[in-house]
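Undergrad: What follows is the file structure-v4.txt, containing compact mmCIF, C-alpha atoms:
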# COMPACT_ATOMS: atom_id res chain seq x y z
CA MET A 1 27.62 1.32 -7.00
CA GLY A 2 28.07 -2.34 -6.12
CA THR A 3 31.85 -2.12 -5.86
CA ARG A 4 32.00 -5.23 -3.66
CA PHE A 5 30.80 -7.28 -6.63
CA LEU A 6 33.11 -5.93 -9.31
CA PRO A 7 33.69 -6.81 -12.06
CA ALA A 8 30.14 -8.22 -12.40
CA THR A 9 28.59 -4.87 -11.47
CA LYS A 10 30.62 -3.01 -14.08
CA SER A 11 27.68 -3.49 -16.44
CA ILE A 12 24.97 -5.12 -14.31
CA PRO A 13 23.22 -3.22 -11.48
CA LYS A 14 23.78 -5.08 -8.22
CA GLU A 15 19.99 -5.19 -7.74
CA LEU A 16 19.78 -7.49 -10.76
CA LEU A 17 22.26 -10.07 -9.48
CA PRO A 18 20.31 -13.36 -9.37
CA LEU A 19 19.60 -15.16 -6.13
CA VAL A 20 19.06 -18.63 -7.64
CA ASP A 21 16.94 -17.53 -10.64
CA ARG A 22 15.34 -14.29 -9.46
CA PRO A 23 17.15 -10.95 -9.20
CA LEU A 24 17.42 -9.29 -5.79
CA ILE A 25 15.04 -6.53 -6.83
CA GLN A 26 12.29 -9.08 -7.51
CA TYR A 27 12.43 -10.37 -3.93
CA ALA A 28 11.97 -6.77 -2.75
CA ILE A 29 9.03 -6.19 -5.11
CA ASP A 30 7.32 -9.43 -4.08
CA GLU A 31 7.72 -8.53 -0.40
CA ALA A 32 6.25 -5.07 -0.97
CA ARG A 33 3.31 -6.48 -2.88
CA ALA A 34 2.65 -8.96 -0.07
CA ALA A 35 2.45 -5.97 2.29
CA GLY A 36 -0.27 -4.38 0.14
CA ILE A 37 1.93 -1.76 -1.53
CA GLU A 38 0.72 -0.72 -4.99
CA GLU A 39 2.90 2.29 -5.86
CA PHE A 40 6.66 1.89 -6.29
CA ILE A 41 9.48 4.42 -6.51
CA PHE A 42 12.89 3.19 -7.61
CA VAL A 43 15.86 5.42 -6.86
CA THR A 44 18.30 4.73 -9.65
CA ALA A 45 21.59 6.12 -10.89
CA ARG A 46 23.80 6.27 -13.95
CA GLY A 47 24.39 2.81 -15.40
CA LYS A 48 21.16 1.30 -14.03
CA THR A 49 18.96 1.50 -17.13
CA ALA A 50 18.92 -2.33 -17.17
CA LEU A 51 16.87 -2.12 -13.98
CA GLU A 52 14.20 -0.09 -15.77
CA ASP A 53 14.24 -2.55 -18.66
CA TYR A 54 13.75 -5.45 -16.26
CA LEU A 55 10.64 -3.82 -14.81
CA ASP A 56 9.17 -3.19 -18.27
CA HIS A 57 6.90 -5.47 -20.29
CA ALA A 58 8.71 -7.92 -22.63
CA PRO A 59 6.14 -8.58 -25.39
CA HIS A 60 8.50 -10.36 -27.80
CA LEU A 61 9.76 -12.73 -25.11
CA ALA A 62 6.21 -13.37 -23.90
CA GLU A 63 5.06 -14.16 -27.43
CA SER A 64 7.99 -16.53 -27.97
CA LEU A 65 7.14 -18.43 -24.79
CA ARG A 66 3.48 -18.51 -25.77
CA ARG A 67 4.28 -19.97 -29.20
CA GLY A 68 6.49 -22.58 -27.56
CA ASN A 69 3.68 -23.49 -25.15
CA LYS A 70 6.05 -22.80 -22.25
CA THR A 71 3.21 -21.99 -19.88
CA SER A 72 5.09 -22.13 -16.59
CA LEU A 73 7.86 -19.84 -17.86
CA LEU A 74 5.25 -17.44 -19.25
CA GLU A 75 3.54 -17.29 -15.86
CA GLU A 76 6.89 -16.64 -14.21
CA LEU A 77 7.59 -13.83 -16.67
CA GLU A 78 4.17 -12.25 -16.16
CA SER A 79 4.65 -12.29 -12.38
CA THR A 80 7.53 -9.83 -12.81
CA ARG A 81 5.48 -7.34 -14.79
CA MET A 82 4.64 -4.02 -13.13
CA PRO A 83 1.22 -2.52 -13.99
CA SER A 84 1.23 0.69 -16.00
CA GLY A 85 1.30 3.76 -13.78
CA SER A 86 2.50 1.90 -10.68
CA VAL A 87 6.20 2.68 -11.15
CA ALA A 88 8.12 5.93 -10.91
CA TYR A 89 11.84 6.60 -10.98
CA ALA A 90 13.97 9.12 -9.10
CA ARG A 91 17.55 9.72 -10.17
CA GLN A 92 20.41 10.05 -7.68
CA ASP A 93 23.21 11.91 -9.45
CA GLU A 94 25.99 10.96 -7.02
CA PRO A 95 26.42 8.45 -4.17
CA ARG A 96 25.86 10.58 -1.07
CA GLY A 97 24.34 7.96 1.23
CA LEU A 98 21.04 6.25 1.90
CA GLY A 99 19.48 9.40 3.33
CA HIS A 100 20.25 11.28 0.14
CA ALA A 101 18.77 8.47 -1.97
CA VAL A 102 15.52 8.60 -0.01
CA TRP A 103 15.49 12.40 -0.22
CA CYS A 104 15.67 12.14 -4.03
CA ALA A 105 12.15 10.65 -3.98
CA ARG A 106 10.62 13.42 -1.84
CA HIS A 107 8.44 14.97 -4.56
CA LEU A 108 6.97 11.57 -5.38
CA VAL A 109 6.38 10.61 -1.75
CA LYS A 110 4.80 14.00 -0.93
CA ASP A 111 3.10 13.95 2.49
CA GLU A 112 2.28 10.28 2.92
CA PRO A 113 3.89 7.63 5.13
CA PHE A 114 6.13 5.43 2.99
CA ALA A 115 8.14 2.24 3.17
CA VAL A 116 11.79 1.80 2.23
CA ILE A 117 13.25 -1.54 1.16
CA LEU A 118 16.95 -2.13 0.52
CA PRO A 119 17.26 -5.04 -1.96
CA ASP A 120 20.67 -5.95 -0.50
CA ASP A 121 18.85 -7.21 2.59
CA VAL A 122 16.84 -10.30 1.69
CA ILE A 123 14.63 -11.56 4.52
CA ALA A 124 13.05 -15.01 4.37
CA GLY A 125 10.14 -15.83 6.65
CA ALA A 126 6.73 -17.47 6.79
CA THR A 127 5.23 -13.97 6.73
CA PRO A 128 7.13 -11.39 4.65
CA CYS A 129 8.99 -8.90 6.82
CA LEU A 130 7.27 -5.78 5.49
CA ARG A 131 3.87 -7.43 5.97
CA GLN A 132 4.78 -7.96 9.63
CA MET A 133 5.87 -4.33 9.88
CA VAL A 134 2.66 -2.98 8.34
CA ASP A 135 0.67 -4.90 10.97
CA ALA A 136 2.89 -3.55 13.76
CA TYR A 137 2.72 -0.02 12.34
CA ARG A 138 -1.02 0.04 12.93
CA THR A 139 -0.18 -0.23 16.64
CA CYS A 140 2.61 2.34 16.95
CA GLY A 141 2.49 4.73 13.97
CA GLY A 142 5.30 7.26 13.60
CA ASN A 143 8.49 5.66 12.30
CA LEU A 144 9.18 1.94 12.38
CA VAL A 145 12.53 0.29 11.61
CA ALA A 146 13.31 -3.41 11.25
CA ALA A 147 15.91 -4.48 13.79
CA MET A 148 17.94 -7.49 14.86
CA HIS A 149 20.72 -8.16 17.34
CA VAL A 150 24.20 -8.43 15.82
CA PRO A 151 27.54 -9.49 17.36
CA PRO A 152 29.25 -6.65 19.27
CA GLU A 153 32.13 -6.58 16.80
CA ALA A 154 29.66 -5.91 13.96
CA VAL A 155 27.91 -2.81 15.36
CA GLY A 156 30.24 -0.50 13.40
CA SER A 157 28.49 -1.55 10.20
CA TYR A 158 24.96 -0.60 11.26
CA GLY A 159 22.70 2.04 12.71
CA ILE A 160 22.29 1.00 16.36
CA LEU A 161 19.22 1.58 18.53
CA SER A 162 19.01 2.59 22.16
CA SER A 163 15.91 1.34 23.98
CA SER A 164 14.82 0.48 27.50
CA ALA A 165 13.41 -2.79 26.12
CA PRO A 166 15.83 -3.91 23.38
CA ASP A 167 14.63 -7.52 23.50
CA ALA A 168 10.93 -6.72 22.97
CA ALA A 169 9.35 -7.51 19.61
CA LEU A 170 8.25 -3.86 19.36
CA CYS A 171 10.32 -1.39 21.35
CA ALA A 172 10.23 2.38 21.76
CA VAL A 173 13.53 3.92 20.66
CA ASP A 174 15.16 6.66 22.74
CA GLY A 175 18.33 7.00 20.67
CA MET A 176 19.96 6.03 17.38
CA VAL A 177 23.59 6.23 16.29
CA GLU A 178 25.13 5.36 12.92
CA LYS A 179 28.11 2.98 12.84
CA PRO A 180 29.34 3.39 16.43
CA SER A 181 32.42 1.69 17.81
CA PRO A 182 31.77 -1.39 19.97
CA GLU A 183 32.92 0.63 23.01
CA THR A 184 30.35 3.40 22.50
CA ALA A 185 27.42 1.47 21.01
CA PRO A 186 24.25 1.77 23.17
CA SER A 187 23.24 -1.83 22.38
CA THR A 188 23.64 -4.55 19.76
CA LEU A 189 20.19 -3.90 18.28
CA ALA A 190 20.88 -2.97 14.65
CA VAL A 191 18.68 -1.46 11.97
CA VAL A 192 18.40 -3.53 8.78
CA GLY A 193 16.97 -2.64 5.39
CA ARG A 194 13.24 -2.20 6.07
CA TYR A 195 11.58 1.04 7.19
CA ILE A 196 8.13 2.58 7.43
CA LEU A 197 8.62 6.32 7.77
CA ASP A 198 6.65 9.46 8.46
CA PRO A 199 7.11 12.10 5.72
CA SER A 200 8.57 14.47 8.35
CA VAL A 201 11.81 12.49 7.94
CA LEU A 202 12.14 14.06 4.49
CA THR A 203 12.22 17.53 6.08
CA HIS A 204 15.30 16.56 8.08
CA LEU A 205 16.93 15.05 5.00
CA SER A 206 16.39 18.30 3.13
CA ARG A 207 18.90 19.95 5.46
CA ALA A 208 21.57 17.71 3.86
CA GLN A 209 23.47 17.31 7.12
CA VAL A 210 26.52 15.11 6.64
CA GLY A 211 26.95 12.25 9.09
CA ALA A 212 29.06 9.13 9.47
CA GLY A 213 31.30 8.35 6.52
CA GLY A 214 30.76 11.80 5.05
CA GLU A 215 27.30 10.77 3.82
CA ILE A 216 23.75 11.93 4.45
CA GLN A 217 22.51 9.23 6.81
CA LEU A 218 18.89 8.13 6.97
CA THR A 219 19.52 7.06 10.57
CA ASP A 220 20.21 10.69 11.59
CA ALA A 221 16.96 11.93 10.06
CA ILE A 222 14.94 9.20 11.77
CA ALA A 223 16.65 9.91 15.09
CA ALA A 224 15.48 13.53 14.85
CA GLU A 225 11.90 12.25 15.12
CA ILE A 226 12.46 10.66 18.53
CA GLY A 227 10.16 12.54 20.90
CA ARG A 228 8.17 13.95 17.95
CA THR A 229 6.34 11.49 15.73
CA GLY A 230 8.18 8.70 17.57
CA VAL A 231 10.45 5.84 16.55
CA HIS A 232 10.04 2.14 17.24
CA GLY A 233 12.25 -0.84 16.51
CA PHE A 234 10.63 -4.04 15.27
CA ARG A 235 12.28 -7.43 15.70
CA PHE A 236 10.87 -9.37 12.77
CA GLU A 237 10.44 -13.11 12.49
CA GLY A 238 12.62 -14.54 9.74
CA GLU A 239 16.18 -14.94 8.54
CA ARG A 240 18.04 -11.95 7.12
CA TYR A 241 20.72 -12.40 4.48
CA ASP A 242 23.19 -9.63 3.73
CA CYS A 243 23.40 -9.96 -0.04
CA GLY A 244 25.57 -6.86 -0.22
CA SER A 245 28.54 -8.99 0.79
CA LYS A 246 29.96 -11.93 -1.16
CA ALA A 247 29.78 -14.33 1.78
CA GLY A 248 26.22 -13.26 2.59
CA PHE A 249 25.16 -13.61 -1.03
CA LEU A 250 26.58 -17.13 -1.21
CA ARG A 251 24.93 -18.04 2.09
CA ALA A 252 21.58 -16.81 0.75
CA THR A 253 22.06 -18.74 -2.48
CA VAL A 254 22.59 -21.99 -0.57
CA ALA A 255 19.62 -21.37 1.74
CA PHE A 256 17.20 -20.42 -1.05
CA ALA A 257 18.31 -23.28 -3.30
CA LEU A 258 17.84 -25.82 -0.49
CA ALA A 259 14.35 -24.40 0.13
CA ARG A 260 13.32 -25.13 -3.48
CA PRO A 261 11.68 -28.55 -3.98
CA ASP A 262 12.84 -28.61 -7.62
CA LEU A 263 16.49 -28.03 -6.66
CA ARG A 264 16.89 -29.35 -3.12
CA ASP A 265 18.02 -32.94 -3.73
CA ASP A 266 20.42 -32.27 -6.60
CA PHE A 267 21.88 -29.23 -4.92
CA ARG A 268 22.41 -31.06 -1.63
CA GLN A 269 24.44 -33.67 -3.51
CA CYS A 270 26.46 -30.91 -5.18
CA LEU A 271 27.22 -29.36 -1.79
CA ALA A 272 28.28 -32.71 -0.37
CA GLY A 273 30.65 -33.24 -3.31
CA ALA A 274 32.04 -29.72 -2.98
CA THR A 275 32.66 -30.24 0.72
CA GLN A 276 34.63 -33.44 0.02
CA VAL A 277 36.73 -31.65 -2.60
CA GLY A 278 37.36 -28.82 -0.14
CA VAL A 279 38.52 -31.22 2.55
CA ALA A 280 40.82 -33.00 0.11
CA ALA A 281 42.29 -29.66 -1.02
CA GLU A 282 43.12 -28.72 2.57
Kindly transcribe the structure held in the file into structure tokens.
TA:
Amino acid sequence: MGTRFLPATKSIPKELLPLVDRPLIQYAIDEARAAGIEEFIFVTARGKTALEDYLDHAPHLAESLRRGNKTSLLEELESTRMPSGSVAYARQDEPRGLGHAVWCARHLVKDEPFAVILPDDVIAGATPCLRQMVDAYRTCGGNLVAAMHVPPEAVGSYGILSSSAPDAALCAVDGMVEKPSPETAPSTLAVVGRYILDPSVLTHLSRAQVGAGGEIQLTDAIAAEIGRTGVHGFRFEGERYDCGSKAGFLRATVAFALARPDLRDDFRQCLAGATQVGVAAE
């Protein structure tokens, strides 16, 4: 529902909030494409029709850019276009948790392994995170979750993994718990928004068991596959930005702007000026 970004998300889906000049959902799509994914399922909800419009072809805009000989902008526009037949939508009628959202796509997923990307989590790296995970998945199979260590005081905001080798790049998981207290957390190895899952996870989600926060938790369904199809944690190479929080979104904006050759110099000067103003204000 994007309540942390109200009032902006009153009329704009949070997935369309721009990180520099590209919406969050586009970063997720680009990452999936880089991993070789060709079929996309978007779980949407009431008030998110703008998301479907964004993914559609924009012939009038394309023609206007073509007439204006704005070639670079036309290429940028075409890069966002999804081929016909590659996109499907599943509707979530009420916010009942991530597990419920994934369950809503069960008839489209059927009996194939599938990836899940949360657009709130933007991961920058030389090799896209999901591409790294696809390569690792060929080694372990089963269920694979992206993971990173977080400060002990932050474990209550994540699904936390238990493993005999929590510092390994690829570790077998022997336990998972959603949003534990720092005193009871089995480690500081947290699950972030990338998954490659066996379709058996959907069977567990179909039981609609309520977990932490009164929601149907994806973590619980994955944990049920420990000792069955197996679960592994994958410590990816790259920097993760939590764009579901205001501070994280601003941090990502600064990092991505400074990484752009066309913006870097001007933006660095703007930051220096803003820092001086901030110091004077204090």
Undergrad: Which residues of region 121-156 of chain A have any atom within 12 Å of an atom in region 251-274 of chain A when counting all atoms listed in the file, and what is the closest pair of atoms for each, with the distance in Å to one decimal? Order the rows by chain and rising number and write it as CSV.
TA:
residue,atom,partner,partner_atom,distance
A:Asp121,CA,A:Ala252,CA,10.1
A:Val122,CA,A:Ala252,CA,8.1
A:Ile123,CA,A:Ala252,CA,9.5
A:Ala124,CA,A:Phe256,CA,8.7
A:Gly125,CA,A:Phe256,CA,11.4
Undergrad: Would you list the residues near (23.7, -16.5, -5.3), meaning any protein, DNA or RNA residue with an atom at most 7 Å from that point in file coordinates, counting only C-alpha atoms, as a PyMOL selection string?
TA: chain A and resi 18-20+249-250+252-253
Undergrad: Write the selection just made, keeping C-alpha atoms, as a short mmCIF file (atom, residue, chain, number, x, y, z; two decimals), in the frame of the given file?
TA:
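result_28.cif written:
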data_model
loop_
_atom_site.label_atom_id
_atom_site.label_comp_id
_atom_site.auth_asym_id
_atom_site.auth_seq_id
_atom_site.Cartn_x
_atom_site.Cartn_y
_atom_site.Cartn_z
CA PRO A 18 20.31 -13.36 -9.37
CA LEU A 19 19.60 -15.16 -6.13
CA VAL A 20 19.06 -18.63 -7.64
CA PHE A 249 25.16 -13.61 -1.03
CA LEU A 250 26.58 -17.13 -1.21
CA ALA A 252 21.58 -16.81 0.75
CA THR A 253 22.06 -18.74 -2.48
#
Undergrad: Which of these, A:Ser72, A:Thr9, A:Asn143, A:Ser181, has the shortest distance to Val116 (chain A) once you count all atoms listed in the file?
TA: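 Closest to Val116 (chain A), using all atoms listed in the file: A:Asn143.
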Undergrad: Excluding same-chain residues fewer than 4 positions from region 204-220 of chain A, what lies within 7 Å of it counting all atoms listed in the file, as a PyMOL selection string?
TA: chain A and resi 96-100+103+159+176+178+224
Undergrad: Residues within 12 Å of region 53-69 of chain A, please, as a PyMOL selection string. Count only C-alpha atoms; anything in the same chain fewer than 2 positions from it doesn't count.
TA: chain A and resi 12-13+15-17+22-26+29+40-42+47-51+71-89
Undergrad: Would you please work out which residue, of A:Arg4, A:Val102, A:Ala32, A:Asp120, is nearest to Thr44 (chain A) when using all atoms listed in the file?
TA: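 Checking each candidate against Thr44 (chain A), we get A:Val102 as the closest.
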Undergrad: Pick out the closest residue to Phe5 (chain A) from this set: A:Cys243, A:Val145, A:Leu170, A:Ala115. Count only C-alpha atoms.
TA: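 The closest residue to Phe5 (chain A) is A:Cys243.
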Undergrad: Hey, which of A:Val173, A:Val43, A:Ala8, A:Leu130 ends up closest to Gly193 (chain A)? Count all atoms listed in the file.
TA: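 Residue with the minimum atom-to-atom distance to Gly193 (chain A): A:Leu130.
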Undergrad: Please put the answer as lines of an AutoDock Vina configuration file: centre and edge lengths, in Å with one decimal, of a box along x, y and z that encloses all listed atoms of region 128-135 of chain A plus 3 Å on each side.
TA:
center_x = 4.8
center_y = -7.2
center_z = 7.8
size_x = 14.3
size_y = 14.4
size_z = 12.3
Undergrad: Export all heavy atoms of region 60-72 of chain A from the structure just given, as a compact mmCIF listing (two decimals), in the first residue's frame?
TA:
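The result, written out as selection_0.txt:
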# COMPACT_ATOMS: atom_id res chain seq x y z
N HIS A 60 1.58 6.76 -29.14
CA HIS A 60 1.51 8.20 -29.41
C HIS A 60 2.77 8.91 -28.91
O HIS A 60 3.30 9.80 -29.59
CB HIS A 60 0.27 8.79 -28.74
CG HIS A 60 -1.02 8.24 -29.27
ND1 HIS A 60 -1.39 8.38 -30.58
CD2 HIS A 60 -2.00 7.51 -28.67
CE1 HIS A 60 -2.56 7.79 -30.78
NE2 HIS A 60 -2.95 7.25 -29.63
N LEU A 61 3.26 8.51 -27.75
CA LEU A 61 4.49 9.11 -27.23
C LEU A 61 5.67 8.73 -28.10
O LEU A 61 6.52 9.58 -28.42
CB LEU A 61 4.73 8.64 -25.79
CG LEU A 61 6.01 9.12 -25.11
CD1 LEU A 61 6.08 10.65 -25.11
CD2 LEU A 61 6.09 8.57 -23.68
N ALA A 62 5.72 7.47 -28.53
CA ALA A 62 6.82 7.02 -29.39
C ALA A 62 6.82 7.80 -30.70
O ALA A 62 7.88 8.21 -31.19
CB ALA A 62 6.70 5.53 -29.65
N GLU A 63 5.65 8.01 -31.28
CA GLU A 63 5.56 8.73 -32.55
C GLU A 63 5.98 10.19 -32.37
O GLU A 63 6.65 10.76 -33.23
CB GLU A 63 4.14 8.64 -33.09
CG GLU A 63 3.93 9.35 -34.41
CD GLU A 63 4.86 8.85 -35.51
OE1 GLU A 63 5.26 7.67 -35.46
OE2 GLU A 63 5.21 9.66 -36.40
N SER A 64 5.60 10.79 -31.25
CA SER A 64 5.99 12.17 -30.98
C SER A 64 7.51 12.29 -30.87
O SER A 64 8.11 13.24 -31.41
CB SER A 64 5.33 12.65 -29.68
OG SER A 64 5.76 13.96 -29.34
N LEU A 65 8.14 11.37 -30.20
CA LEU A 65 9.60 11.39 -30.07
C LEU A 65 10.27 11.15 -31.42
O LEU A 65 11.29 11.76 -31.74
CB LEU A 65 10.04 10.32 -29.07
CG LEU A 65 9.62 10.53 -27.61
CD1 LEU A 65 10.01 9.33 -26.75
CD2 LEU A 65 10.25 11.80 -27.05
N ARG A 66 9.65 10.27 -32.22
CA ARG A 66 10.21 9.98 -33.54
C ARG A 66 10.14 11.21 -34.44
O ARG A 66 11.11 11.53 -35.14
CB ARG A 66 9.44 8.80 -34.15
CG ARG A 66 10.11 8.17 -35.37
CD ARG A 66 9.35 6.93 -35.83
NE ARG A 66 9.49 5.85 -34.86
CZ ARG A 66 8.50 5.40 -34.09
NH1 ARG A 66 7.29 5.95 -34.17
NH2 ARG A 66 8.70 4.41 -33.24
N ARG A 67 9.01 11.91 -34.40
CA ARG A 67 8.87 13.13 -35.21
C ARG A 67 9.84 14.21 -34.76
O ARG A 67 10.33 14.99 -35.58
CB ARG A 67 7.43 13.66 -35.12
CG ARG A 67 6.41 12.84 -35.88
CD ARG A 67 5.13 13.65 -36.11
NE ARG A 67 4.61 14.20 -34.87
CZ ARG A 67 3.70 13.60 -34.11
NH1 ARG A 67 3.21 12.43 -34.47
NH2 ARG A 67 3.27 14.17 -33.00
N GLY A 68 10.12 14.26 -33.48
CA GLY A 68 11.06 15.24 -32.95
C GLY A 68 12.51 14.82 -33.06
O GLY A 68 13.40 15.53 -32.57
N ASN A 69 12.74 13.66 -33.69
CA ASN A 69 14.10 13.13 -33.86
C ASN A 69 14.84 12.98 -32.53
O ASN A 69 16.05 13.18 -32.45
CB ASN A 69 14.91 14.03 -34.81
CG ASN A 69 16.12 13.31 -35.40
OD1 ASN A 69 16.10 12.09 -35.58
ND2 ASN A 69 17.17 14.06 -35.67
N LYS A 70 14.07 12.65 -31.49
CA LYS A 70 14.66 12.46 -30.16
C LYS A 70 15.02 10.98 -29.99
O LYS A 70 14.39 10.22 -29.27
CB LYS A 70 13.69 12.93 -29.08
CG LYS A 70 13.38 14.42 -29.19
CD LYS A 70 12.38 14.88 -28.13
CE LYS A 70 12.11 16.37 -28.25
NZ LYS A 70 11.13 16.85 -27.24
N THR A 71 16.08 10.60 -30.70
CA THR A 71 16.45 9.19 -30.82
C THR A 71 16.79 8.55 -29.50
O THR A 71 16.34 7.43 -29.19
CB THR A 71 17.65 9.05 -31.79
OG1 THR A 71 17.34 9.68 -33.02
CG2 THR A 71 17.96 7.58 -32.03
N SER A 72 17.57 9.23 -28.68
CA SER A 72 17.99 8.63 -27.41
C SER A 72 16.81 8.40 -26.48
O SER A 72 16.72 7.36 -25.81
CB SER A 72 19.05 9.50 -26.72
OG SER A 72 18.54 10.78 -26.43
